[in-house]
file query-v8.cif (mmCIF, C-alpha atoms and all ligand atoms)
data_data
#
loop_
_atom_site.label_atom_id
_atom_site.label_comp_id
_atom_site.auth_asym_id
_atom_site.auth_seq_id
_atom_site.Cartn_x
_atom_site.Cartn_y
_atom_site.Cartn_z
CA MET A 1 0.00 0.00 0.00
CA LYS A 2 1.09 3.58 -0.56
CA TYR A 3 0.33 6.31 1.99
CA GLU A 4 -0.28 10.05 2.13
CA THR A 5 0.85 11.96 5.22
CA ILE A 6 -0.90 15.24 5.93
CA HIS A 7 -1.29 17.31 9.12
CA SER A 8 0.45 14.50 11.09
CA LEU A 9 -2.04 11.95 9.77
CA THR A 10 -1.04 8.97 7.61
CA LEU A 11 -3.74 7.60 5.35
CA SER A 12 -3.70 4.74 2.84
CA LYS A 13 -3.89 5.89 -0.78
CA ILE A 14 -6.60 3.33 -1.64
CA GLY A 15 -9.69 3.00 0.53
CA PHE A 16 -13.07 1.34 0.09
CA GLY A 17 -16.29 3.08 -1.02
CA THR A 18 -19.68 2.00 0.32
CA TRP A 19 -22.21 3.46 -2.12
CA THR A 20 -24.68 0.56 -2.91
CA ILE A 21 -23.61 -1.37 0.22
CA GLY A 22 -26.94 -2.31 1.85
CA GLY A 23 -28.99 -0.62 -0.87
CA GLU A 24 -28.97 2.66 -2.76
CA THR A 25 -31.04 5.52 -1.29
CA SER A 26 -32.94 3.16 1.06
CA PRO A 27 -32.11 -0.17 2.72
CA ASN A 28 -32.45 -3.18 0.42
CA PRO A 29 -32.25 -6.43 2.44
CA THR A 30 -31.74 -8.47 -0.74
CA VAL A 31 -28.21 -7.06 -1.05
CA ASP A 32 -27.24 -7.46 2.64
CA SER A 33 -25.52 -10.78 2.15
CA ALA A 34 -23.42 -9.63 -0.84
CA SER A 35 -22.67 -6.37 1.00
CA MET A 36 -21.43 -8.18 4.11
CA THR A 37 -19.27 -10.49 1.96
CA ALA A 38 -17.73 -7.42 0.29
CA LEU A 39 -17.08 -5.61 3.59
CA ARG A 40 -15.56 -8.68 5.24
CA SER A 41 -13.41 -9.25 2.19
CA ALA A 42 -12.23 -5.60 2.22
CA LEU A 43 -11.35 -5.78 5.93
CA GLU A 44 -9.56 -9.11 5.51
CA THR A 45 -7.67 -7.81 2.46
CA GLY A 46 -6.30 -4.99 4.58
CA TYR A 47 -8.29 -1.89 3.59
CA THR A 48 -8.21 0.58 6.46
CA HIS A 49 -10.07 3.61 5.04
CA PHE A 50 -13.84 3.19 4.55
CA ASP A 51 -15.96 5.88 2.94
CA ALA A 52 -19.58 6.00 4.13
CA ALA A 53 -22.42 8.56 4.29
CA GLU A 54 -25.76 8.93 6.05
CA TYR A 55 -27.25 9.07 2.51
CA TYR A 56 -26.05 5.58 1.56
CA ALA A 57 -29.00 3.21 2.02
CA SER A 58 -30.30 5.78 4.57
CA GLY A 59 -27.75 4.76 7.20
CA HIS A 60 -27.85 1.03 6.44
CA ALA A 61 -24.42 1.11 4.72
CA GLU A 62 -23.01 2.50 7.98
CA GLU A 63 -24.85 -0.21 9.96
CA LEU A 64 -23.40 -3.01 7.82
CA LEU A 65 -19.91 -1.48 7.98
CA GLY A 66 -20.17 -1.40 11.79
CA ARG A 67 -21.39 -5.01 11.81
CA ALA A 68 -18.52 -6.16 9.58
CA ILE A 69 -15.96 -4.40 11.80
CA ARG A 70 -17.35 -6.13 14.89
CA GLU A 71 -17.67 -9.54 13.22
CA THR A 72 -14.09 -9.48 11.92
CA LYS A 73 -12.91 -8.18 15.32
CA THR A 74 -11.04 -5.38 13.56
CA LYS A 75 -9.62 -2.86 16.02
CA ARG A 76 -11.33 0.52 15.63
CA GLU A 77 -8.05 2.37 16.07
CA ASN A 78 -6.63 0.62 13.00
CA LEU A 79 -9.38 2.04 10.79
CA PHE A 80 -10.08 5.44 9.29
CA ILE A 81 -13.82 5.97 8.79
CA THR A 82 -15.22 8.78 6.70
CA SER A 83 -18.90 9.69 6.77
CA LYS A 84 -20.93 12.57 5.38
CA VAL A 85 -23.80 14.81 6.37
CA SER A 86 -26.44 15.33 3.66
CA PRO A 87 -27.13 18.84 2.35
CA GLU A 88 -30.71 18.93 3.72
CA HIS A 89 -29.23 18.61 7.25
CA LEU A 90 -26.85 21.56 7.21
CA ASP A 91 -28.56 23.66 9.89
CA TYR A 92 -26.87 23.64 13.31
CA ASP A 93 -29.16 21.14 15.11
CA ASN A 94 -29.43 18.73 12.22
CA VAL A 95 -25.65 18.52 11.67
CA LEU A 96 -25.34 17.40 15.30
CA LYS A 97 -28.27 14.95 14.94
CA SER A 98 -26.92 13.50 11.68
CA CYS A 99 -23.55 12.88 13.27
CA GLU A 100 -25.16 11.17 16.28
CA ARG A 101 -27.17 8.95 13.91
CA SER A 102 -24.05 8.00 11.96
CA LEU A 103 -22.15 7.22 15.17
CA HIS A 104 -25.06 5.05 16.30
CA CYS A 105 -25.32 3.22 12.95
CA LEU A 106 -21.57 2.60 12.83
CA GLY A 107 -21.46 1.58 16.49
CA THR A 108 -18.46 3.77 17.17
CA ASP A 109 -17.85 6.80 19.37
CA TYR A 110 -15.96 8.88 16.81
CA ILE A 111 -15.78 9.43 13.07
CA ASP A 112 -12.30 10.07 11.66
CA LEU A 113 -13.41 12.37 8.87
CA TYR A 114 -16.79 14.06 8.49
CA LEU A 115 -17.72 15.74 5.21
CA ILE A 116 -20.49 17.91 3.84
CA HIS A 117 -21.70 15.51 1.13
CA TRP A 118 -22.49 18.13 -1.50
CA PRO A 119 -23.30 21.83 -1.46
CA ARG A 120 -26.83 23.11 -1.81
CA LEU A 121 -28.02 26.46 -3.12
CA GLY A 122 -28.82 28.76 -0.18
CA MET A 123 -27.10 26.52 2.39
CA LYS A 124 -25.84 28.28 5.52
CA LEU A 125 -22.23 27.17 5.39
CA GLU A 126 -21.11 29.24 8.37
CA GLU A 127 -23.90 27.76 10.55
CA ALA A 128 -23.04 24.24 9.39
CA PHE A 129 -19.40 24.80 10.34
CA ARG A 130 -20.39 26.09 13.80
CA ALA A 131 -21.86 22.63 14.41
CA LEU A 132 -19.04 20.78 12.65
CA ASN A 133 -16.43 22.64 14.71
CA LYS A 134 -18.32 21.68 17.89
CA LEU A 135 -18.25 18.01 16.83
CA VAL A 136 -14.46 18.23 16.55
CA ARG A 137 -14.14 20.03 19.89
CA ASP A 138 -16.36 17.35 21.51
CA GLY A 139 -14.19 14.57 20.09
CA LYS A 140 -17.02 13.02 18.04
CA VAL A 141 -15.24 13.85 14.79
CA ARG A 142 -11.46 14.00 14.27
CA HIS A 143 -11.20 15.88 10.96
CA LEU A 144 -13.48 17.91 8.71
CA GLY A 145 -13.78 18.06 4.96
CA VAL A 146 -16.13 18.73 2.06
CA SER A 147 -17.26 16.96 -1.07
CA ASN A 148 -18.19 18.25 -4.53
CA PHE A 149 -17.04 21.77 -3.52
CA LYS A 150 -15.68 24.03 -6.25
CA LEU A 151 -12.92 26.57 -5.49
CA LYS A 152 -15.00 29.46 -4.12
CA LEU A 153 -16.92 27.24 -1.68
CA LEU A 154 -13.82 25.29 -0.71
CA LYS A 155 -12.09 28.54 0.29
CA GLN A 156 -15.18 29.58 2.32
CA ALA A 157 -15.13 26.20 4.08
CA GLN A 158 -11.45 26.76 4.94
CA ALA A 159 -12.33 30.14 6.42
CA TYR A 160 -15.14 28.72 8.60
CA SER A 161 -13.38 25.56 9.78
CA GLU A 162 -11.39 25.79 13.04
CA THR A 163 -9.27 22.83 11.90
CA PRO A 164 -7.64 22.35 8.48
CA ILE A 165 -10.03 21.08 5.79
CA LEU A 166 -8.58 17.61 5.27
CA THR A 167 -10.11 16.78 1.90
CA ASP A 168 -12.35 17.74 -0.96
CA GLN A 169 -13.90 14.49 -2.21
CA VAL A 170 -14.58 14.92 -5.92
CA PRO A 171 -15.11 12.86 -9.08
CA TYR A 172 -11.72 12.21 -10.66
CA SER A 173 -10.63 9.42 -12.97
CA LEU A 174 -8.90 8.84 -16.30
CA PRO A 175 -12.00 9.94 -18.24
CA ASN A 176 -13.18 12.65 -15.82
CA HIS A 177 -10.96 15.74 -15.42
CA ASP A 178 -13.68 18.23 -14.39
CA TYR A 179 -11.95 19.13 -11.11
CA VAL A 180 -8.60 19.53 -12.86
CA GLU A 181 -10.24 21.95 -15.27
CA ASN A 182 -11.98 23.97 -12.52
CA GLY A 183 -8.70 24.34 -10.59
CA VAL A 184 -9.70 22.43 -7.43
CA ILE A 185 -7.10 19.68 -7.74
CA GLU A 186 -4.17 22.04 -8.20
CA TYR A 187 -5.41 24.25 -5.35
CA CYS A 188 -5.65 21.22 -3.03
CA GLN A 189 -2.16 20.04 -3.99
CA GLN A 190 -0.71 23.47 -3.27
CA ASN A 191 -2.58 23.97 0.01
CA ASP A 192 -2.19 20.65 1.84
CA ILE A 193 -5.70 19.39 1.16
CA LEU A 194 -6.23 15.77 0.11
CA VAL A 195 -8.13 15.11 -3.09
CA THR A 196 -10.28 12.02 -2.53
CA ALA A 197 -11.05 10.78 -6.03
CA TYR A 198 -14.48 9.16 -6.17
CA SER A 199 -15.90 6.97 -8.97
CA PRO A 200 -12.31 6.15 -9.97
CA VAL A 201 -13.20 3.11 -12.11
CA LYS A 202 -16.81 3.76 -13.01
CA PHE A 203 -16.13 3.62 -16.71
CA ARG A 204 -17.06 0.09 -17.63
CA SER A 205 -19.34 1.38 -20.37
CA ILE A 206 -16.52 3.34 -21.98
CA ARG A 207 -14.34 1.21 -24.20
CA VAL A 208 -10.79 0.75 -22.90
CA ASN A 209 -8.62 2.95 -25.09
CA LYS A 210 -5.36 1.77 -26.64
CA VAL A 211 -3.01 3.65 -24.28
CA LEU A 212 -4.69 2.21 -21.19
CA GLY A 213 -4.75 -1.27 -22.74
CA ASP A 214 -1.04 -1.09 -23.63
CA VAL A 215 0.03 0.14 -20.17
CA ALA A 216 -2.08 -2.58 -18.51
CA LYS A 217 -0.42 -5.23 -20.67
CA ALA A 218 3.07 -3.90 -19.88
CA HIS A 219 2.40 -4.22 -16.13
CA ALA A 220 0.47 -7.51 -16.38
CA ALA A 221 -2.33 -5.59 -14.68
CA THR A 222 -5.98 -4.89 -15.47
CA PRO A 223 -7.09 -1.51 -16.89
CA PHE A 224 -8.91 -0.86 -13.58
CA GLN A 225 -5.69 -1.31 -11.64
CA ILE A 226 -3.86 1.06 -13.96
CA ALA A 227 -6.66 3.63 -13.57
CA LEU A 228 -6.17 3.47 -9.78
CA ALA A 229 -2.36 3.46 -10.00
CA TRP A 230 -2.52 6.59 -12.19
CA LEU A 231 -4.62 8.43 -9.59
CA ILE A 232 -2.56 7.54 -6.55
CA ALA A 233 0.76 8.33 -8.21
CA GLN A 234 -0.34 11.98 -8.04
CA PRO A 235 0.61 13.99 -4.96
CA ARG A 236 -2.16 14.51 -2.41
CA VAL A 237 -4.55 12.23 -4.34
CA ILE A 238 -6.18 9.24 -2.60
CA THR A 239 -9.07 7.15 -3.90
CA ILE A 240 -11.96 4.96 -2.72
CA PRO A 241 -13.06 2.38 -5.32
CA MET A 242 -16.11 0.28 -4.51
CA SER A 243 -16.75 -3.31 -5.48
CA LEU A 244 -19.02 -6.14 -4.39
CA ASN A 245 -16.71 -8.69 -5.96
CA PRO A 246 -13.96 -10.07 -3.66
CA ALA A 247 -11.60 -10.62 -6.64
CA HIS A 248 -12.00 -6.97 -7.69
CA ILE A 249 -11.64 -5.84 -4.05
CA ARG A 250 -8.23 -7.56 -3.85
CA GLU A 251 -7.22 -6.41 -7.34
CA ASN A 252 -7.99 -2.78 -6.48
CA PHE A 253 -5.98 -3.00 -3.24
CA GLU A 254 -3.00 -4.48 -5.07
CA ALA A 255 -3.07 -1.63 -7.62
CA ALA A 256 -1.15 0.37 -5.01
CA ASP A 257 1.95 -1.74 -5.77
CA ILE A 258 2.08 -0.69 -9.44
CA GLN A 259 4.79 1.86 -10.32
CA LEU A 260 4.01 3.85 -13.47
CA THR A 261 6.79 5.68 -15.31
CA ALA A 262 6.60 9.44 -15.87
CA GLU A 263 5.98 8.74 -19.56
CA GLU A 264 3.10 6.36 -18.78
CA MET A 265 1.61 8.90 -16.37
CA SER A 266 1.57 11.62 -18.97
CA LYS A 267 0.32 9.37 -21.79
CA LEU A 268 -2.52 8.13 -19.58
CA GLY A 269 -3.38 11.67 -18.51
CA ASN A 270 -3.87 12.68 -22.13
CA ALA A 271 -5.23 9.41 -23.49
CA TRP A 272 -8.90 9.99 -22.98
CA LYS A 273 -8.93 13.43 -24.51
CA LYS A 274 -7.20 12.17 -27.63
CA SER A 275 -9.31 9.05 -28.09
CA GLU A 276 -12.68 10.76 -27.75
N1 LIG B 1 -19.05 12.27 -2.49
C1 LIG B 1 -19.83 11.90 -3.47
O1 LIG B 1 -20.71 12.65 -3.94
C2 LIG B 1 -19.65 10.52 -4.05
C3 LIG B 1 -20.25 10.19 -5.28
C4 LIG B 1 -20.04 8.91 -5.79
C5 LIG B 1 -19.25 8.01 -5.08
N2 LIG B 1 -18.70 8.35 -3.88
C6 LIG B 1 -17.89 7.39 -3.08
O2 LIG B 1 -16.88 6.85 -3.93
C7 LIG B 1 -16.98 5.43 -3.95
C8 LIG B 1 -16.54 4.90 -5.31
O3 LIG B 1 -17.29 5.48 -6.34
P1 LIG B 1 -18.41 4.66 -7.15
O4 LIG B 1 -18.93 3.55 -6.31
O5 LIG B 1 -19.34 5.68 -7.68
O6 LIG B 1 -17.59 4.12 -8.41
P2 LIG B 1 -16.31 3.17 -8.63
O7 LIG B 1 -15.79 2.66 -7.36
O8 LIG B 1 -15.42 3.89 -9.55
O9 LIG B 1 -16.99 2.00 -9.48
C9 LIG B 1 -17.78 1.01 -8.90
C10 LIG B 1 -18.14 0.02 -10.01
O10 LIG B 1 -16.94 -0.46 -10.62
C11 LIG B 1 -16.88 -1.87 -10.59
N3 LIG B 1 -15.51 -2.24 -10.26
C12 LIG B 1 -14.79 -1.87 -9.17
N4 LIG B 1 -13.56 -2.41 -9.21
C13 LIG B 1 -13.50 -3.15 -10.34
C14 LIG B 1 -12.50 -3.95 -10.94
N5 LIG B 1 -11.31 -4.10 -10.35
N6 LIG B 1 -12.78 -4.58 -12.11
C15 LIG B 1 -13.98 -4.44 -12.70
N7 LIG B 1 -14.98 -3.67 -12.20
C16 LIG B 1 -14.74 -3.04 -11.02
C17 LIG B 1 -17.85 -2.31 -9.52
O11 LIG B 1 -18.47 -3.51 -9.92
P3 LIG B 1 -18.22 -4.92 -9.13
O12 LIG B 1 -18.99 -4.79 -7.85
O13 LIG B 1 -18.74 -5.92 -10.09
O14 LIG B 1 -16.74 -5.03 -8.91
C18 LIG B 1 -18.87 -1.17 -9.49
O15 LIG B 1 -19.91 -1.43 -10.42
C19 LIG B 1 -18.46 5.18 -3.62
O16 LIG B 1 -18.71 3.85 -3.23
C20 LIG B 1 -18.68 6.21 -2.54
O17 LIG B 1 -18.14 5.75 -1.30
C21 LIG B 1 -18.87 9.60 -3.37
#

call {"tool": "encode", "arguments": {"input": "query-v8.cif", "output": "structure tokens"}}
result
Amino acid sequence: MKYETIHSLTLSKIGFGTWTIGGETSPNPTVDSASMTALRSALETGYTHFDAAEYYASGHAEELLGRAIRETKTKRENLFITSKVSPEHLDYDNVLKSCERSLHCLGTDYIDLYLIHWPRLGMKLEEAFRALNKLVRDGKVRHLGVSNFKLKLLKQAQAYSETPILTDQVPYSLPNHDYVENGVIEYCQQNDILVTAYSPVKFRSIRVNKVLGDVAKAHAATPFQIALAWLIAQPRVITIPMSLNPAHIRENFEAADIQLTAEEMSKLGNAWKKSE
């Protein structure tokens, strides 16, 4: 595994996403068994960073994650758990209530990293941060961050947060450079903010282009592994792929061992633009 050290915190470069664990926007018991298999497999493989949210299966993803941690007897202090407050809960009281609910669902007494899931027009960011700062002061949350925040909002969040904004979690992958183009990724890299790249391999429907195929072949790796290796080779970038398939879960974890050359990095960075 490769690691990123920031503000005295060391975090693995590849974590595990939990969107669709336990359902989508509401609990779906028919996927519980596959979800538990995936979570157990991730914990046994050695993933230590888990990305959850109150939105995922309305808290049921957090419940299953908590259950898997207890069942595998994984020590809480060896894990880094991210969760997120939904935009409809950004008033002072509801931020506190959402966090309590997430703590209860996870069965833990602190969340390592708590994010605003996405911004909402008219949201009271300063009020939300009053509650978020209190959660940190009370020891219920260790670090604060945001998700889907563009530059202007990210800078406002920095101004309102009493502790450094640890991350902006944004879509970033070989085919998706939106947050490169809007300047967020460069700003994060220059200001000690982690970029957590979400949906890093959600491009199954897009045909694998020749550059990606060639680099995968050269490393005896899959295109998905190369897509992850390309992300985590970048400074301050970590990622959180999700999979229900134990073979993919292991494959994604092992992608951290792949070393891409500078030439491969730059070819991959330009490949999608050229092939589309
Ligand atoms: N903050 C936000 O607004 C936001 C938005 C989206 C996502 N996220 C977070 O980011 C995490 C990851 O993003 P995501 O779930 O959207 O997309 P993703 O992890 O890029 O892609 C997940 C899909 O890719 C497949 N997959 C994963 N690894 C594979 C591999 N090695 N080979 C073949 N297929 C593979 C999975 O299918 P199989 O199950 O068949 O492997 C699944 O269908 C989420 O789970 C969530 O925690 C955050």

call {"tool": "residues_near_ligand", "arguments": {"input": "query-v8.cif", "ligand": "ligand LIG 1 (chain B)", "cutoff": "7 Å", "atoms": "all atoms listed in the file", "output": "ChimeraX atom specification"}}
result
/A:16-20,51-52,117-118,147-148,169-171,198-202,204,224-225,240-245,248-249,251-252

call {"tool": "closest_residue", "arguments": {"input": "query-v8.cif", "among": "A:Ala221, A:Trp272, A:Leu166, A:Gly213", "to": "A:Leu9", "atoms": "all atoms listed in the file"}}
result
A:Leu166

call {"tool": "closest_residue", "arguments": {"input": "query-v8.cif", "among": "A:Asp192, A:Ser35, A:Ile226, A:Lys152", "to": "A:Ser8", "atoms": "all atoms listed in the file"}}
result
A:Asp192

call {"tool": "closest_residue", "arguments": {"input": "query-v8.cif", "among": "A:Val85, A:Leu153, A:Cys99, A:Ala229", "to": "A:Asp138", "atoms": "only C-alpha atoms"}}
result
A:Cys99

call {"tool": "residues_around", "arguments": {"input": "query-v8.cif", "residues": "A:Ala271", "least_positions_apart": "2", "cutoff": "10 Å", "atoms": "all atoms listed in the file", "output": "VMD selection string"}}
result
chain A and resid 174 to 175 209 to 212 265 to 269 273 to 276

call {"tool": "residues_around", "arguments": {"input": "query-v8.cif", "residues": "A:Thr72", "least_positions_apart": "2", "cutoff": "12 Å", "atoms": "only C-alpha atoms", "output": "list of chain:residue names"}}
result
A:Met36, A:Thr37, A:Leu39, A:Arg40, A:Ser41, A:Ala42, A:Leu43, A:Glu44, A:Thr45, A:Gly46, A:Leu65, A:Gly66, A:Arg67, A:Ala68, A:Ile69, A:Arg70, A:Thr74, A:Lys75, A:Arg76

call {"tool": "atom_distance", "arguments": {"input": "query-v8.cif", "atom1": "atom CA of A:Lys155", "atom2": "atom CA of A:Ala131"}}
result
18.2 Å

call {"tool": "residues_near_point", "arguments": {"input": "query-v8.cif", "point": "(-31.6, 2.0, 10.9)", "cutoff": "12 Å", "atoms": "only C-alpha atoms", "output": "PyMOL selection string"}}
result
chain A and resi 22+26-29+54-64+66+101-107

call {"tool": "atom_distance", "arguments": {"input": "query-v8.cif", "atom1": "atom CA of A:Asp32", "atom2": "atom CA of A:Glu254"}}
result
25.6 Å

call {"tool": "closest_residue", "arguments": {"input": "query-v8.cif", "among": "A:Ser33, A:Asn133, A:Ser173, A:Gln190", "to": "A:Ala159", "atoms": "all atoms listed in the file"}}
result
A:Asn133

call {"tool": "atom_distance", "arguments": {"input": "query-v8.cif", "atom1": "atom CA of A:Tyr160", "atom2": "atom CA of A:Asn191"}}
result
15.9 Å

call {"tool": "closest_residue", "arguments": {"input": "query-v8.cif", "among": "A:His89, A:Lys124, A:Lys73, A:Lys13", "to": "A:Ala255", "atoms": "all atoms listed in the file"}}
result
A:Lys13

call {"tool": "closest_residue", "arguments": {"input": "query-v8.cif", "among": "A:Val31, A:Val146, A:Leu260, A:Ile21", "to": "A:Cys188", "atoms": "all atoms listed in the file"}}
result
A:Val146

call {"tool": "axis_aligned_box", "arguments": {"input": "query-v8.cif", "around": "stretch 141-147 of chain A", "padding_each_side": "8 Å", "output": "JSON"}}
result
{"center_x": -14.2, "center_y": 16.3, "center_z": 6.9, "size_x": 22.1, "size_y": 20.9, "size_z": 31.9}

call {"tool": "build_atoms", "arguments": {"input": "query-v8.cif", "residues": "stretch 103-124 of chain A", "atoms": "N, CA and C atoms", "output": "PDB file, in the coordinates of the input"}}
result
ATOM      1  N   LEU A 103     -22.920   7.898  14.117  1.00  0.00           N
ATOM      2  CA  LEU A 103     -22.150   7.220  15.170  1.00  0.00           C
ATOM      3  C   LEU A 103     -22.902   5.989  15.663  1.00  0.00           C
ATOM      4  N   HIS A 104     -24.228   6.156  15.826  1.00  0.00           N
ATOM      5  CA  HIS A 104     -25.060   5.050  16.300  1.00  0.00           C
ATOM      6  C   HIS A 104     -25.056   3.906  15.277  1.00  0.00           C
ATOM      7  N   CYS A 105     -25.276   4.259  13.999  1.00  0.00           N
ATOM      8  CA  CYS A 105     -25.320   3.220  12.950  1.00  0.00           C
ATOM      9  C   CYS A 105     -23.987   2.482  12.872  1.00  0.00           C
ATOM     10  N   LEU A 106     -22.899   3.221  12.946  1.00  0.00           N
ATOM     11  CA  LEU A 106     -21.570   2.600  12.830  1.00  0.00           C
ATOM     12  C   LEU A 106     -21.193   1.833  14.102  1.00  0.00           C
ATOM     13  N   GLY A 107     -21.812   2.213  15.215  1.00  0.00           N
ATOM     14  CA  GLY A 107     -21.460   1.580  16.490  1.00  0.00           C
ATOM     15  C   GLY A 107     -20.075   1.984  16.956  1.00  0.00           C
ATOM     16  N   THR A 108     -19.771   3.264  16.766  1.00  0.00           N
ATOM     17  CA  THR A 108     -18.460   3.770  17.170  1.00  0.00           C
ATOM     18  C   THR A 108     -18.657   5.082  17.928  1.00  0.00           C
ATOM     19  N   ASP A 109     -17.635   5.528  18.664  1.00  0.00           N
ATOM     20  CA  ASP A 109     -17.850   6.800  19.370  1.00  0.00           C
ATOM     21  C   ASP A 109     -17.123   7.973  18.719  1.00  0.00           C
ATOM     22  N   TYR A 110     -16.481   7.735  17.572  1.00  0.00           N
ATOM     23  CA  TYR A 110     -15.960   8.880  16.810  1.00  0.00           C
ATOM     24  C   TYR A 110     -15.879   8.522  15.331  1.00  0.00           C
ATOM     25  N   ILE A 111     -15.950   9.569  14.521  1.00  0.00           N
ATOM     26  CA  ILE A 111     -15.780   9.430  13.070  1.00  0.00           C
ATOM     27  C   ILE A 111     -14.456  10.121  12.743  1.00  0.00           C
ATOM     28  N   ASP A 112     -13.610   9.474  11.938  1.00  0.00           N
ATOM     29  CA  ASP A 112     -12.300  10.070  11.660  1.00  0.00           C
ATOM     30  C   ASP A 112     -12.411  11.323  10.790  1.00  0.00           C
ATOM     31  N   LEU A 113     -13.298  11.256   9.814  1.00  0.00           N
ATOM     32  CA  LEU A 113     -13.410  12.370   8.870  1.00  0.00           C
ATOM     33  C   LEU A 113     -14.875  12.563   8.512  1.00  0.00           C
ATOM     34  N   TYR A 114     -15.368  13.782   8.723  1.00  0.00           N
ATOM     35  CA  TYR A 114     -16.790  14.060   8.490  1.00  0.00           C
ATOM     36  C   TYR A 114     -16.898  15.142   7.424  1.00  0.00           C
ATOM     37  N   LEU A 115     -17.659  14.839   6.365  1.00  0.00           N
ATOM     38  CA  LEU A 115     -17.720  15.740   5.210  1.00  0.00           C
ATOM     39  C   LEU A 115     -19.133  16.284   4.999  1.00  0.00           C
ATOM     40  N   ILE A 116     -19.209  17.459   4.416  1.00  0.00           N
ATOM     41  CA  ILE A 116     -20.490  17.910   3.840  1.00  0.00           C
ATOM     42  C   ILE A 116     -20.588  17.213   2.484  1.00  0.00           C
ATOM     43  N   HIS A 117     -21.649  16.422   2.284  1.00  0.00           N
ATOM     44  CA  HIS A 117     -21.700  15.510   1.130  1.00  0.00           C
ATOM     45  C   HIS A 117     -21.700  16.256  -0.203  1.00  0.00           C
ATOM     46  N   TRP A 118     -22.560  17.253  -0.320  1.00  0.00           N
ATOM     47  CA  TRP A 118     -22.490  18.130  -1.500  1.00  0.00           C
ATOM     48  C   TRP A 118     -23.142  19.451  -1.143  1.00  0.00           C
ATOM     49  N   PRO A 119     -22.753  20.514  -1.816  1.00  0.00           N
ATOM     50  CA  PRO A 119     -23.300  21.830  -1.460  1.00  0.00           C
ATOM     51  C   PRO A 119     -24.722  21.980  -1.995  1.00  0.00           C
ATOM     52  N   ARG A 120     -25.445  22.884  -1.397  1.00  0.00           N
ATOM     53  CA  ARG A 120     -26.830  23.110  -1.810  1.00  0.00           C
ATOM     54  C   ARG A 120     -27.031  24.614  -1.919  1.00  0.00           C
ATOM     55  N   LEU A 121     -27.764  25.032  -2.925  1.00  0.00           N
ATOM     56  CA  LEU A 121     -28.020  26.460  -3.120  1.00  0.00           C
ATOM     57  C   LEU A 121     -28.695  27.034  -1.870  1.00  0.00           C
ATOM     58  N   GLY A 122     -28.190  28.123  -1.349  1.00  0.00           N
ATOM     59  CA  GLY A 122     -28.820  28.760  -0.180  1.00  0.00           C
ATOM     60  C   GLY A 122     -28.414  28.136   1.145  1.00  0.00           C
ATOM     61  N   MET A 123     -27.502  27.163   1.117  1.00  0.00           N
ATOM     62  CA  MET A 123     -27.100  26.520   2.390  1.00  0.00           C
ATOM     63  C   MET A 123     -26.373  27.547   3.265  1.00  0.00           C
ATOM     64  N   LYS A 124     -26.510  27.359   4.593  1.00  0.00           N
ATOM     65  CA  LYS A 124     -25.840  28.280   5.520  1.00  0.00           C
ATOM     66  C   LYS A 124     -24.532  27.619   5.953  1.00  0.00           C
TER      67      LYS A 124
END
